>>> print(open('entry_38.txt').read())   # compact mmCIF, C-alpha atoms and all ligand atoms
# COMPACT_ATOMS: atom_id res chain seq x y z
CA MET R 1 0.00 0.00 0.00
CA ALA R 2 1.33 3.45 -0.90
CA ALA R 3 2.19 5.66 2.06
CA LEU R 4 -0.70 7.87 3.13
CA THR R 5 -0.41 11.62 2.79
CA LEU R 6 -0.53 13.71 5.96
CA ARG R 7 -4.07 14.76 5.06
CA GLU R 8 -5.12 11.13 4.70
CA MET R 9 -3.49 10.16 8.00
CA LEU R 10 -5.14 12.99 9.92
CA ALA R 11 -8.52 12.17 8.39
CA ARG R 12 -8.38 8.66 9.86
CA SER R 13 -9.77 9.77 13.25
CA PRO R 14 -11.90 12.76 14.28
CA VAL R 15 -9.79 13.04 17.44
CA MET R 16 -6.01 12.54 17.54
CA PRO R 17 -4.87 11.53 21.04
CA ILE R 18 -1.72 13.35 22.18
CA LEU R 19 0.34 11.05 24.35
CA THR R 20 3.03 11.85 26.92
CA LEU R 21 4.68 8.55 27.78
CA HIS R 22 7.08 8.03 30.67
CA ASP R 23 7.26 4.23 30.36
CA ALA R 24 7.82 2.57 26.99
CA GLN R 25 6.88 -0.78 28.55
CA VAL R 26 3.19 0.14 28.42
CA ALA R 27 3.27 1.74 24.97
CA GLY R 28 2.32 -1.35 22.95
CA ASP R 29 -0.68 -2.16 25.15
CA LEU R 30 -1.75 1.47 25.06
CA ALA R 31 -1.59 1.58 21.25
CA GLN R 32 -3.69 -1.57 21.07
CA ALA R 33 -6.25 -0.14 23.51
CA LEU R 34 -6.59 2.98 21.36
CA VAL R 35 -6.92 1.03 18.11
CA LYS R 36 -9.49 -1.25 19.75
CA GLY R 37 -11.50 1.89 20.50
CA GLY R 38 -11.43 2.90 16.83
CA ILE R 39 -8.56 5.42 16.92
CA LYS R 40 -6.30 5.18 13.88
CA VAL R 41 -4.01 8.18 14.26
CA PHE R 42 -2.16 9.39 17.33
CA GLU R 43 0.83 11.46 18.38
CA VAL R 44 3.56 10.66 20.89
CA VAL R 45 5.24 13.82 22.15
CA MET R 46 9.03 13.95 22.34
CA ARG R 47 9.06 15.37 25.83
CA THR R 48 10.23 12.40 27.90
CA PRO R 49 13.33 10.18 27.86
CA GLN R 50 11.10 7.22 26.94
CA SER R 51 9.24 8.84 24.03
CA VAL R 52 11.36 7.41 21.22
CA ALA R 53 11.28 3.86 22.61
CA ALA R 54 7.54 4.25 23.17
CA LEU R 55 6.95 5.26 19.57
CA ARG R 56 8.97 2.29 18.32
CA ALA R 57 6.94 -0.09 20.53
CA MET R 58 3.67 1.38 19.28
CA ARG R 59 4.67 1.05 15.64
CA GLU R 60 5.43 -2.59 16.26
CA ALA R 61 2.23 -3.27 18.25
CA THR R 62 -0.15 -1.47 15.88
CA PRO R 63 1.26 -1.34 12.33
CA GLU R 64 -2.24 -0.49 11.10
CA ALA R 65 -2.20 2.88 12.93
CA SER R 66 -0.66 6.16 11.72
CA ILE R 67 1.67 7.33 14.50
CA GLY R 68 3.32 10.72 14.62
CA MET R 69 5.92 12.22 16.89
CA GLY R 70 5.22 15.65 18.36
CA THR R 71 7.05 18.52 19.98
CA LEU R 72 9.77 18.40 17.30
CA LEU R 73 11.75 21.61 17.81
CA THR R 74 14.93 21.11 15.78
CA ALA R 75 16.23 19.40 12.63
CA GLU R 76 17.84 16.82 14.91
CA ASP R 77 14.42 16.06 16.44
CA VAL R 78 13.07 15.49 12.90
CA HIS R 79 15.92 13.08 12.22
CA THR R 80 15.32 11.22 15.50
CA ALA R 81 11.57 10.94 14.86
CA ARG R 82 12.11 9.56 11.34
CA GLN R 83 14.71 7.09 12.56
CA ALA R 84 12.26 5.86 15.21
CA GLY R 85 9.64 5.18 12.53
CA ALA R 86 7.30 8.13 13.02
CA GLN R 87 4.97 8.45 10.03
CA PHE R 88 4.60 12.18 10.52
CA GLY R 89 5.95 14.96 12.70
CA VAL R 90 4.25 17.69 14.72
CA SER R 91 5.64 20.91 16.17
CA PRO R 92 4.14 23.71 18.25
CA GLY R 93 5.60 26.16 15.71
CA LEU R 94 7.82 26.46 12.64
CA THR R 95 11.37 27.73 12.15
CA PRO R 96 13.51 28.01 8.98
CA GLU R 97 15.65 25.16 10.37
CA LEU R 98 12.64 22.88 10.74
CA ALA R 99 11.21 23.85 7.35
CA ALA R 100 14.53 23.09 5.63
CA ALA R 101 14.75 19.69 7.36
CA ILE R 102 11.21 18.85 6.25
CA GLN R 103 11.83 19.91 2.68
CA ALA R 104 15.04 17.89 2.49
CA THR R 105 13.36 14.71 3.72
CA GLN R 106 9.77 15.04 2.46
CA PHE R 107 8.67 14.06 5.98
CA PRO R 108 4.91 14.66 6.45
CA PHE R 109 4.84 17.53 8.91
CA LEU R 110 2.21 19.41 10.91
CA PRO R 111 3.66 22.69 12.23
CA GLY R 112 1.88 24.92 14.70
CA VAL R 113 0.47 28.34 13.84
CA ALA R 114 -1.62 30.90 15.70
CA THR R 115 -1.72 33.91 13.35
CA ALA R 116 -2.47 34.64 9.69
CA SER R 117 1.18 35.62 9.14
CA GLU R 118 2.32 32.25 10.44
CA VAL R 119 -0.12 30.51 8.08
CA MET R 120 1.38 32.52 5.21
CA GLN R 121 4.92 31.54 6.22
CA ALA R 122 3.98 27.86 6.44
CA ARG R 123 2.26 28.02 3.03
CA ALA R 124 5.40 29.62 1.58
CA TRP R 125 7.24 26.47 2.68
CA GLY R 126 4.59 24.33 0.97
CA LEU R 127 2.93 23.24 4.23
CA LYS R 128 -0.86 23.26 4.08
CA GLU R 129 -1.89 21.05 7.01
CA LEU R 130 -1.33 23.13 10.13
CA LYS R 131 -1.79 22.68 13.85
CA TYR R 132 -3.71 25.55 15.44
CA PHE R 133 -2.08 25.92 18.84
CA PRO R 134 -3.07 26.75 21.55
CA ALA R 135 -6.60 26.51 20.19
CA GLN R 136 -8.72 27.07 23.30
CA GLY R 137 -6.19 29.47 24.83
CA ALA R 138 -6.36 31.60 21.66
CA HIS R 139 -9.54 32.15 19.66
CA GLY R 140 -10.99 28.65 19.37
CA ALA R 141 -13.09 27.42 16.47
CA ALA R 142 -13.99 31.00 15.44
CA TRP R 143 -10.38 31.57 14.33
CA ILE R 144 -10.36 28.49 12.09
CA LYS R 145 -13.65 29.61 10.58
CA ASP R 146 -12.21 33.07 9.90
CA MET R 147 -9.19 31.55 8.11
CA SER R 148 -11.32 29.57 5.63
CA GLY R 149 -12.03 32.60 3.42
CA VAL R 150 -8.42 33.71 3.05
CA PHE R 151 -6.74 30.29 3.06
CA PRO R 152 -9.23 27.88 1.46
CA ASP R 153 -6.40 25.42 0.69
CA VAL R 154 -5.30 25.01 4.33
CA LEU R 155 -6.58 22.36 6.75
CA PHE R 156 -6.24 22.90 10.49
CA CYS R 157 -5.78 20.47 13.37
CA PRO R 158 -6.57 22.41 16.55
CA THR R 159 -4.92 21.35 19.82
CA GLY R 160 -4.46 22.79 23.28
CA GLY R 161 -7.12 22.78 25.99
CA ILE R 162 -9.79 21.12 23.83
CA ARG R 163 -12.21 18.93 25.80
CA PRO R 164 -15.13 16.80 24.50
CA PRO R 165 -17.82 19.52 24.73
CA ASP R 166 -15.66 21.83 22.54
CA ILE R 167 -15.13 19.29 19.75
CA PRO R 168 -18.35 19.51 17.67
CA ALA R 169 -17.79 23.24 16.95
CA TYR R 170 -14.38 22.42 15.44
CA LEU R 171 -15.43 19.35 13.48
CA ALA R 172 -18.37 21.23 11.95
CA LEU R 173 -15.83 23.35 10.03
CA PRO R 174 -14.83 22.07 6.57
CA ASN R 175 -11.25 23.31 7.07
CA CYS R 176 -10.74 21.34 10.32
CA CYS R 177 -9.44 17.80 9.73
CA THR R 178 -9.04 16.36 13.22
CA VAL R 179 -8.92 17.67 16.79
CA GLY R 180 -5.92 16.88 19.00
CA GLY R 181 -6.19 16.24 22.72
CA SER R 182 -4.63 14.51 25.69
CA TRP R 183 -7.94 13.78 27.43
CA VAL R 184 -8.31 10.40 25.68
CA VAL R 185 -5.49 8.98 27.84
CA PRO R 186 -5.66 10.40 31.39
CA PRO R 187 -2.36 9.84 33.28
CA GLU R 188 -4.08 7.97 36.13
CA ARG R 189 -5.65 5.44 33.73
CA LEU R 190 -2.27 4.89 32.13
CA LYS R 191 -0.66 4.44 35.55
CA ASP R 192 -3.33 1.85 36.45
CA ARG R 193 -2.97 0.15 33.02
CA ASP R 194 -6.72 0.55 32.69
CA TRP R 195 -6.84 -0.55 29.04
CA ALA R 196 -10.62 -1.11 29.06
CA GLY R 197 -11.13 2.41 30.40
CA ILE R 198 -8.83 3.86 27.74
CA THR R 199 -10.60 1.88 25.00
CA ALA R 200 -13.91 3.33 26.26
CA LEU R 201 -12.49 6.87 26.00
CA ALA R 202 -11.12 6.06 22.53
CA GLN R 203 -14.61 4.90 21.52
CA GLN R 204 -16.00 8.20 22.81
CA ALA R 205 -13.37 10.06 20.74
CA SER R 206 -14.02 7.98 17.59
CA ALA R 207 -17.76 8.55 17.89
CA PHE R 208 -17.27 12.23 17.04
CA GLY R 209 -16.77 11.07 13.46
CA ALA R 210 -19.98 9.03 13.32
CA PRO R 211 -22.60 10.30 10.87
C1 LIG J 301 -0.07 19.37 23.43
O1 LIG J 301 0.68 19.52 22.49
O2 LIG J 301 0.31 19.05 24.58
C2 LIG J 301 -1.49 19.54 23.13
O3 LIG J 301 -1.81 20.76 22.72
C3 LIG J 301 -2.36 18.91 24.18
O4 LIG J 301 -3.26 19.77 24.69
P1 LIG J 301 -4.25 19.26 25.83
O5 LIG J 301 -3.41 18.53 26.86
O6 LIG J 301 -4.85 20.51 26.39
O7 LIG J 301 -5.24 18.35 25.17
>>> encode(input="entry_38.txt", output="structure tokens")
Amino acid sequence: MAALTLREMLARSPVMPILTLHDAQVAGDLAQALVKGGIKVFEVVMRTPQSVAALRAMREATPEASIGMGTLLTAEDVHTARQAGAQFGVSPGLTPELAAAIQATQFPFLPGVATASEVMQARAWGLKELKYFPAQGAHGAAWIKDMSGVFPDVLFCPTGGIRPPDIPAYLALPNCCTVGGSWVVPPERLKDRDWAGITALAQQASAFGAP
């Protein structure tokens, strides 16, 4: 099967869980719990010493899922994520260094933006799937709606402070592809290895895409 485009990967789930993992030992079981709940795309953030090992374990446990690595801040982070098998990268922002690394490698990449100027800069680098961050801390779904007129070719993935009651307003917008959030995997459920509880939350997240 040909590799999916970033747009195709993001469209696989209405909600993209954002995962901070401190123990790679549980990563495979966690990935399986999410997939069992209908989630097909998720992001592991590169913010812990175990994140790279966790991503590798998840790729092995759930080859059917699209798994990205987030919080990529430098070209070296991009290299590390690709080496670990990440299928796409995510960043809270975009720098010339990151953009050059992406262009050199053709790595599917979702950089963060929060202003029209940042959207224009990302578009100038050929990037048209963008993370709107911090969505709830900034202007929420109204901002994404306002961008549709000026940037009809851009798709947004909002993240940051989004909880279930906020989600329908985002997904109602044609220029919003998926909504990111950490709520699908609460730290205490992960600590307790409550896979059934996490699958139930994944089912709740997947149901946002139901007709
Ligand atoms: C992140 O990158 O950590 C996300 O924006 C997660 O936001 P949330 O924890 O508020 O869902």
>>> closest_residue(input="entry_38.txt", among="R:Ala33, R:Leu4, R:Val44, R:Ala142", to="ligand LIG 301 (chain J)", atoms="only C-alpha atoms and all ligand atoms")
R:Val44
>>> residues_near_ligand(input="entry_38.txt", ligand="ligand LIG 301 (chain J)", cutoff="6 Å", atoms="all atoms listed in the file", output="PDB file with C-alpha atoms, in the coordinates of the input")
ATOM      1  CA  ILE R  18      -1.720  13.350  22.180  1.00  0.00           C
ATOM      2  CA  THR R 159      -4.920  21.350  19.820  1.00  0.00           C
ATOM      3  CA  GLY R 160      -4.460  22.790  23.280  1.00  0.00           C
ATOM      4  CA  GLY R 161      -7.120  22.780  25.990  1.00  0.00           C
ATOM      5  CA  ILE R 162      -9.790  21.120  23.830  1.00  0.00           C
ATOM      6  CA  GLY R 181      -6.190  16.240  22.720  1.00  0.00           C
ATOM      7  CA  SER R 182      -4.630  14.510  25.690  1.00  0.00           C
ATOM      8  CA  TRP R 183      -7.940  13.780  27.430  1.00  0.00           C
TER       9      TRP R 183
END
>>> atom_distance(input="entry_38.txt", atom1="atom CA of Phe208 of chain R", atom2="atom CA of Leu155 of chain R")
18.0 Å
>>> closest_atom_pairs(input="entry_38.txt", of="segment 110-202 of chain R", to="segment 87-97 of chain R", cutoff="7 Å", atoms="only C-alpha atoms", output="Markdown table")
| residue | atom | partner | partner_atom | distance |
| --- | --- | --- | --- | --- |
| R:Leu110 | CA | R:Val90 | CA | 4.7 |
| R:Pro111 | CA | R:Ser91 | CA | 4.8 |
| R:Gly112 | CA | R:Gly93 | CA | 4.0 |
| R:Val113 | CA | R:Gly93 | CA | 5.9 |
| R:Phe133 | CA | R:Pro92 | CA | 6.6 |
>>> atom_distance(input="entry_38.txt", atom1="atom CA of Asn175 of chain R", atom2="atom CA of Leu10 of chain R")
12.3 Å
>>> closest_residue(input="entry_38.txt", among="R:Leu98, R:Glu129, R:Pro168, R:Thr115", to="Asp146 of chain R", atoms="only C-alpha atoms")
R:Thr115
>>> atom_distance(input="entry_38.txt", atom1="atom CA of Phe151 of chain R", atom2="atom CA of Gln103 of chain R")
21.3 Å
>>> residues_around(input="entry_38.txt", residues="Leu34 of chain R", least_positions_apart="5", cutoff="12 Å", atoms="all atoms listed in the file", output="JSON list (two decimals) with C-alpha atoms, keeping the file's coordinate frame")
[["chain", "number", "residue", "atom", "x", "y", "z"],
["R", 13, "SER", "CA", -9.77, 9.77, 13.25],
["R", 15, "VAL", "CA", -9.79, 13.04, 17.44],
["R", 16, "MET", "CA", -6.01, 12.54, 17.54],
["R", 17, "PRO", "CA", -4.87, 11.53, 21.04],
["R", 18, "ILE", "CA", -1.72, 13.35, 22.18],
["R", 19, "LEU", "CA", 0.34, 11.05, 24.35],
["R", 27, "ALA", "CA", 3.27, 1.74, 24.97],
["R", 28, "GLY", "CA", 2.32, -1.35, 22.95],
["R", 29, "ASP", "CA", -0.68, -2.16, 25.15],
["R", 39, "ILE", "CA", -8.56, 5.42, 16.92],
["R", 40, "LYS", "CA", -6.30, 5.18, 13.88],
["R", 41, "VAL", "CA", -4.01, 8.18, 14.26],
["R", 42, "PHE", "CA", -2.16, 9.39, 17.33],
["R", 43, "GLU", "CA", 0.83, 11.46, 18.38],
["R", 58, "MET", "CA", 3.67, 1.38, 19.28],
["R", 61, "ALA", "CA", 2.23, -3.27, 18.25],
["R", 62, "THR", "CA", -0.15, -1.47, 15.88],
["R", 64, "GLU", "CA", -2.24, -0.49, 11.10],
["R", 65, "ALA", "CA", -2.20, 2.88, 12.93],
["R", 66, "SER", "CA", -0.66, 6.16, 11.72],
["R", 67, "ILE", "CA", 1.67, 7.33, 14.50],
["R", 184, "VAL", "CA", -8.31, 10.40, 25.68],
["R", 185, "VAL", "CA", -5.49, 8.98, 27.84],
["R", 190, "LEU", "CA", -2.27, 4.89, 32.13],
["R", 194, "ASP", "CA", -6.72, 0.55, 32.69],
["R", 195, "TRP", "CA", -6.84, -0.55, 29.04],
["R", 196, "ALA", "CA", -10.62, -1.11, 29.06],
["R", 197, "GLY", "CA", -11.13, 2.41, 30.40],
["R", 198, "ILE", "CA", -8.83, 3.86, 27.74],
["R", 199, "THR", "CA", -10.60, 1.88, 25.00],
["R", 200, "ALA", "CA", -13.91, 3.33, 26.26],
["R", 201, "LEU", "CA", -12.49, 6.87, 26.00],
["R", 202, "ALA", "CA", -11.12, 6.06, 22.53],
["R", 203, "GLN", "CA", -14.61, 4.90, 21.52],
["R", 204, "GLN", "CA", -16.00, 8.20, 22.81],
["R", 205, "ALA", "CA", -13.37, 10.06, 20.74],
["R", 206, "SER", "CA", -14.02, 7.98, 17.59]]
>>> decode(input="entry_38.txt", residues="segment 30-42 of chain R", atoms="all heavy atoms", output="short mmCIF file (atom, residue, chain, number, x, y, z; two decimals), in the first residue's frame")
data_model
loop_
_atom_site.label_atom_id
_atom_site.label_comp_id
_atom_site.auth_asym_id
_atom_site.auth_seq_id
_atom_site.Cartn_x
_atom_site.Cartn_y
_atom_site.Cartn_z
N LEU R 30 -0.97 0.24 25.22
CA LEU R 30 -1.75 1.47 25.06
C LEU R 30 -2.18 1.65 23.60
O LEU R 30 -3.35 1.95 23.32
CB LEU R 30 -0.91 2.69 25.50
CG LEU R 30 -1.51 4.05 25.18
CD1 LEU R 30 -2.87 4.23 25.86
CD2 LEU R 30 -0.56 5.18 25.58
N ALA R 31 -1.25 1.43 22.66
CA ALA R 31 -1.59 1.58 21.25
C ALA R 31 -2.72 0.62 20.87
O ALA R 31 -3.67 1.00 20.17
CB ALA R 31 -0.36 1.32 20.40
N GLN R 32 -2.65 -0.60 21.39
CA GLN R 32 -3.69 -1.57 21.07
C GLN R 32 -5.04 -1.17 21.67
O GLN R 32 -6.08 -1.34 21.05
CB GLN R 32 -3.28 -2.97 21.54
CG GLN R 32 -2.27 -3.58 20.57
CD GLN R 32 -1.60 -4.83 21.08
OE1 GLN R 32 -1.75 -5.19 22.25
NE2 GLN R 32 -0.85 -5.49 20.22
N ALA R 33 -5.00 -0.60 22.87
CA ALA R 33 -6.25 -0.14 23.51
C ALA R 33 -6.90 0.98 22.70
O ALA R 33 -8.12 1.03 22.54
CB ALA R 33 -5.97 0.33 24.94
N LEU R 34 -6.06 1.87 22.16
CA LEU R 34 -6.59 2.98 21.36
C LEU R 34 -7.18 2.46 20.04
O LEU R 34 -8.29 2.85 19.65
CB LEU R 34 -5.48 4.00 21.05
CG LEU R 34 -4.98 4.82 22.24
CD1 LEU R 34 -3.74 5.62 21.85
CD2 LEU R 34 -6.08 5.76 22.75
N VAL R 35 -6.45 1.57 19.39
CA VAL R 35 -6.92 1.03 18.11
C VAL R 35 -8.22 0.24 18.31
O VAL R 35 -9.15 0.32 17.51
CB VAL R 35 -5.81 0.18 17.44
CG1 VAL R 35 -6.35 -0.65 16.30
CG2 VAL R 35 -4.68 1.09 16.96
N LYS R 36 -8.27 -0.49 19.43
CA LYS R 36 -9.49 -1.25 19.75
C LYS R 36 -10.69 -0.30 19.90
O LYS R 36 -11.83 -0.66 19.58
CB LYS R 36 -9.27 -2.02 21.06
CG LYS R 36 -10.21 -3.16 21.28
CD LYS R 36 -9.69 -4.00 22.44
CE LYS R 36 -10.81 -4.90 22.96
NZ LYS R 36 -10.46 -5.52 24.24
N GLY R 37 -10.43 0.89 20.35
CA GLY R 37 -11.50 1.89 20.50
C GLY R 37 -11.77 2.67 19.22
O GLY R 37 -12.53 3.63 19.22
N GLY R 38 -11.12 2.28 18.12
CA GLY R 38 -11.43 2.90 16.83
C GLY R 38 -10.51 4.04 16.42
O GLY R 38 -10.71 4.67 15.38
N ILE R 39 -9.49 4.32 17.24
CA ILE R 39 -8.56 5.42 16.92
C ILE R 39 -7.48 4.91 15.96
O ILE R 39 -6.86 3.88 16.21
CB ILE R 39 -7.91 5.96 18.22
CG1 ILE R 39 -8.97 6.66 19.08
CG2 ILE R 39 -6.74 6.90 17.91
CD1 ILE R 39 -9.50 7.96 18.53
N LYS R 40 -7.28 5.66 14.88
CA LYS R 40 -6.30 5.18 13.88
C LYS R 40 -5.12 6.13 13.69
O LYS R 40 -4.22 5.86 12.91
CB LYS R 40 -7.02 4.99 12.54
CG LYS R 40 -8.14 3.95 12.60
CD LYS R 40 -8.62 3.61 11.22
CE LYS R 40 -9.76 2.62 11.24
NZ LYS R 40 -11.07 3.24 11.45
N VAL R 41 -5.16 7.27 14.36
CA VAL R 41 -4.01 8.18 14.26
C VAL R 41 -3.75 8.77 15.65
O VAL R 41 -4.69 9.16 16.35
CB VAL R 41 -4.25 9.29 13.19
CG1 VAL R 41 -5.48 10.12 13.47
CG2 VAL R 41 -3.02 10.18 13.06
N PHE R 42 -2.49 8.75 16.07
CA PHE R 42 -2.16 9.39 17.33
C PHE R 42 -0.72 9.90 17.32
O PHE R 42 0.06 9.58 16.43
CB PHE R 42 -2.42 8.48 18.55
CG PHE R 42 -2.10 7.03 18.40
CD1 PHE R 42 -0.83 6.54 18.70
CD2 PHE R 42 -3.07 6.13 17.98
CE1 PHE R 42 -0.54 5.19 18.58
CE2 PHE R 42 -2.80 4.77 17.85
CZ PHE R 42 -1.53 4.30 18.15
#
